[in-house]
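What follows is one structure encoded as structure tokens, with my remarks underneath.
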Amino acid sequence: MSLLTMQEILSESVAKHYAVGAFDTFDHSMTEAILRAAEGVDRPVILMVVEPLFQAPHFEWFFKYLVQRCEESTVPVALHLDHGFSFEGVMKAIRYGCTSVMMDGSNLPYAENVALTRKVVDVAHACGVTVEAEIGHVAGHEGNMLEGNVADESAFTKVEDARRFVEDTGVDALAIAFGTVHGVFKGEPRLDYERLKAIRETVSIPLVMHGGSGLSPEAFRKAVDNGINKINFFTGLSLGGANAIIKTVEERRKKLQFGDLVGAGMEGVSAIVREHIGIFGTQPLGR
Ligand code: 13P
């Protein structure tokens, strides 16, 4: 049985200074590409789903597959709701088997974000589920690759807010804003490592970086060295899978079947997951 909570997956990450990759999935091929990559390098991983999946046809069956697949994985896996925006959505994720949820109230005023997050923490903890929440706000949308996104410095996490928010809510992991964006970056990313370092010195729980796509290996390492423990990554996976399919089509144009294209996309995704698990310095649990 390898389905664990996010807190269990991240339990050694702060003391040992490494991060665990958190990758979004939306279907069977993406799930297998992510999990097989983690299993291939024998490292824990966080598999994430988003609320719109609850609108997909037969989503109950997909969740049954996800839970069983994670339970039978050869590596520790947390099944995490990424960006839960409503109390109801988060409860649904718990109901369908997520071992970890994000309550994203980062667009709300501080007191409302605290109240909603606290309510989720109370219920989730009673169910044995761990909670991530965000203070400050990471701009942009995952998968946005057309015009690109720019970080909004006015929404970067304030050190004192981070300390207060963790105390006020009882969350298990804290997402912070210090220069990343969701989706593709417009221009060069400029991360505020000093701010990250100050938050790390103030807060003892695992810190989460959203918007991992588009950063260099050096930027990832610097973020991990300064205190990041969970790295959310999606747009780069999606683009990597698509590019692998395009390359296969160009190389073998008339000799292709559907399965060849799906397989090429999956290998493209797996290669990126393997590479990033290495860059993040993810360590096996309990060894
Ligand atoms: P990217 O799509 O920019 O990698 O961000 C993913 C993310 O933060 C999911 O929560």
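How things are named: the first chain in the structure tokens is A, the next is B, and so on; residues count from 1 in each chain; ligands count from 1 in the order shown.
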
Which protein, DNA or RNA residues have an atom within 7 Å of ligand 1, counting only C-alpha atoms and all ligand atoms, as an MDAnalysis selection string?
chainID A and resid 24 82:83 142:143 181:184 210:213 232:236

Give me every alpha helix (DSSP H) residue in stretch 52-238 of chain A, going by DSSP on the backbone, as a count of residues only.
73

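Across the model, the gap from atom CA of A:Lys247 to atom CA of A:Ile272 is 15.4 Å.
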
Once you count only C-alpha atoms, what closest atom pair and distance in Å to one decimal does each residue of stretch 1-83 of chain A within 12 Å of stretch 187-204 of chain A have, with rows by chain and rising residue number, as a tab-separated table?
residue	atom	partner	partner_atom	distance
A:Ser11	CA	A:Ser204	CA	11.4
A:Ser13	CA	A:Ser204	CA	11.1
A:Val14	CA	A:Ser204	CA	7.9
A:Ala15	CA	A:Ser204	CA	9.7
A:His17	CA	A:Arg200	CA	11.1

Take the residues from that selection and write them out as an mmCIF file, in the first residue's frame, keeping N, CA and C atoms.
data_model
loop_
_atom_site.group_PDB
_atom_site.id
_atom_site.type_symbol
_atom_site.label_atom_id
_atom_site.label_comp_id
_atom_site.auth_asym_id
_atom_site.auth_seq_id
_atom_site.Cartn_x
_atom_site.Cartn_y
_atom_site.Cartn_z
ATOM 1 N N SER A 11 7.389 14.427 4.916
ATOM 2 C CA SER A 11 7.798 14.428 6.329
ATOM 3 C C SER A 11 9.308 14.588 6.554
ATOM 4 N N SER A 13 11.333 16.099 4.146
ATOM 5 C CA SER A 13 11.853 17.031 3.138
ATOM 6 C C SER A 13 12.450 18.311 3.726
ATOM 7 N N VAL A 14 11.891 18.779 4.849
ATOM 8 C CA VAL A 14 12.411 20.033 5.420
ATOM 9 C C VAL A 14 13.792 19.782 6.019
ATOM 10 N N ALA A 15 13.900 18.727 6.847
ATOM 11 C CA ALA A 15 15.178 18.434 7.514
ATOM 12 C C ALA A 15 16.261 18.046 6.508
ATOM 13 N N HIS A 17 16.322 18.906 3.260
ATOM 14 C CA HIS A 17 16.485 19.934 2.207
ATOM 15 C C HIS A 17 16.279 19.399 0.794
#

Looking at A:Tyr18, A:Phe23, A:Phe59, A:Tyr110, which one is nearest to A:Asp225, with distances taken over only C-alpha atoms?
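The closest residue to A:Asp225 is A:Tyr18.
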
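Proximity ranking of A:Ala126, A:Val269, A:Gly278, A:Thr169 relative to A:Arg36 places A:Val269 first, based on only C-alpha atoms.
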
Set the distance at 12 Å and use only C-alpha atoms: which residues neighbour A:Thr31 once local chain neighbours fewer than 4 positions away are removed? I'd like the list as a PyMOL selection string.
chain A and resi 22-27+35-38+45-49+62-63+65-67+69-70+73+77+79+237+265-267+269-270+273

Report, in Å with one decimal, the straight-line distance from atom CA of A:Asp168 to atom CA of A:Asp122.
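If I compute the distance from atom CA of A:Asp168 to atom CA of A:Asp122, I get 12.1 Å.
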
Using only C-alpha atoms, which residue out of A:Lys186, A:Lys64, A:His141, A:Arg252 lies closest to A:Ala93?
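Using only C-alpha atoms, the shortest distance to A:Ala93 belongs to A:Lys64.
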
Mind listing the strand (DSSP E) residues of stretch 25-241 of chain A, per DSSP on the backbone, as a PyMOL selection string?
chain A and resi 45-50+77-84+100-103+130-135+173-176+207-209+228-233

Residue contacts of A:Ala151 (7 Å, only C-alpha atoms) excluding same-chain residues fewer than 5 positions away, as an MDAnalysis selection string
chainID A and resid 139 179:181

Please list as a PDB file with N, CA, C and O atoms, in the first residue's frame every residue within 10 Å of A:Glu218, counting only C-alpha atoms and excluding residues in the same chain fewer than 5 positions away.
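Output below, filename around-v2.pdb:
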ATOM      1  N   ALA A 223      15.850  27.415  -5.325  1.00  0.00           N
ATOM      2  CA  ALA A 223      14.577  27.442  -4.580  1.00  0.00           C
ATOM      3  C   ALA A 223      14.586  26.336  -3.522  1.00  0.00           C
ATOM      4  O   ALA A 223      14.188  26.559  -2.368  1.00  0.00           O
ATOM      5  N   VAL A 224      15.054  25.148  -3.896  1.00  0.00           N
ATOM      6  CA  VAL A 224      15.099  24.032  -2.934  1.00  0.00           C
ATOM      7  C   VAL A 224      16.117  24.343  -1.834  1.00  0.00           C
ATOM      8  O   VAL A 224      15.836  24.164  -0.636  1.00  0.00           O
ATOM      9  N   ILE A 279      16.317  16.896 -10.599  1.00  0.00           N
ATOM     10  CA  ILE A 279      16.655  18.303 -10.310  1.00  0.00           C
ATOM     11  C   ILE A 279      16.176  18.697  -8.912  1.00  0.00           C
ATOM     12  O   ILE A 279      16.871  19.417  -8.187  1.00  0.00           O
TER      13      ILE A 279
END

Nearest candidate to A:Gly214 (options A:His58, A:His276, A:His28, A:Arg43; using only C-alpha atoms):
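Looking only at the distances to A:Gly214, the closest residue turns out to be A:His276.
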
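Across A:Val75, A:Ile34, A:Ile94, A:Ala133, the tightest approach to A:Ala115 is made by A:Ala133 when counting only C-alpha atoms.
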
All residues 6 Å or closer to A:Val129, only C-alpha atoms, same chain fewer than 4 positions away omitted, as a VMD selection string:
chain A and resid 99 to 100 124 to 125

Output file for the selection above: N, CA and C atoms, as an mmCIF file, in the first residue's frame:
data_model
loop_
_atom_site.group_PDB
_atom_site.id
_atom_site.type_symbol
_atom_site.label_atom_id
_atom_site.label_comp_id
_atom_site.auth_asym_id
_atom_site.auth_seq_id
_atom_site.Cartn_x
_atom_site.Cartn_y
_atom_site.Cartn_z
ATOM 1 N N THR A 99 -5.923 12.073 -0.577
ATOM 2 C CA THR A 99 -5.331 12.001 0.763
ATOM 3 C C THR A 99 -4.824 13.369 1.204
ATOM 4 N N SER A 100 -4.980 14.336 0.314
ATOM 5 C CA SER A 100 -4.458 15.657 0.569
ATOM 6 C C SER A 100 -5.214 16.643 -0.310
ATOM 7 N N ALA A 124 -10.861 18.097 7.158
ATOM 8 C CA ALA A 124 -9.853 17.238 6.508
ATOM 9 C C ALA A 124 -9.068 16.455 7.556
ATOM 10 N N HIS A 125 -8.623 17.130 8.605
ATOM 11 C CA HIS A 125 -7.838 16.430 9.636
ATOM 12 C C HIS A 125 -8.663 15.344 10.326
#

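Nearest-residue note for A:Cys98: choosing from A:Pro57, A:Gly241, A:Pro76, A:Gly128, the minimum distance belongs to A:Gly128, counting only C-alpha atoms.
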
Would you list the contacts of A:Phe258 as a PyMOL selection string, taking every protein, DNA or RNA residue within 12 Å and counting only C-alpha atoms, but skipping same-chain residues closer than 6 positions in sequence?
chain A and resi 245+248-249+264-265

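Between atom CA of A:Phe178 and atom CA of A:Glu153 the separation is 7.7 Å.
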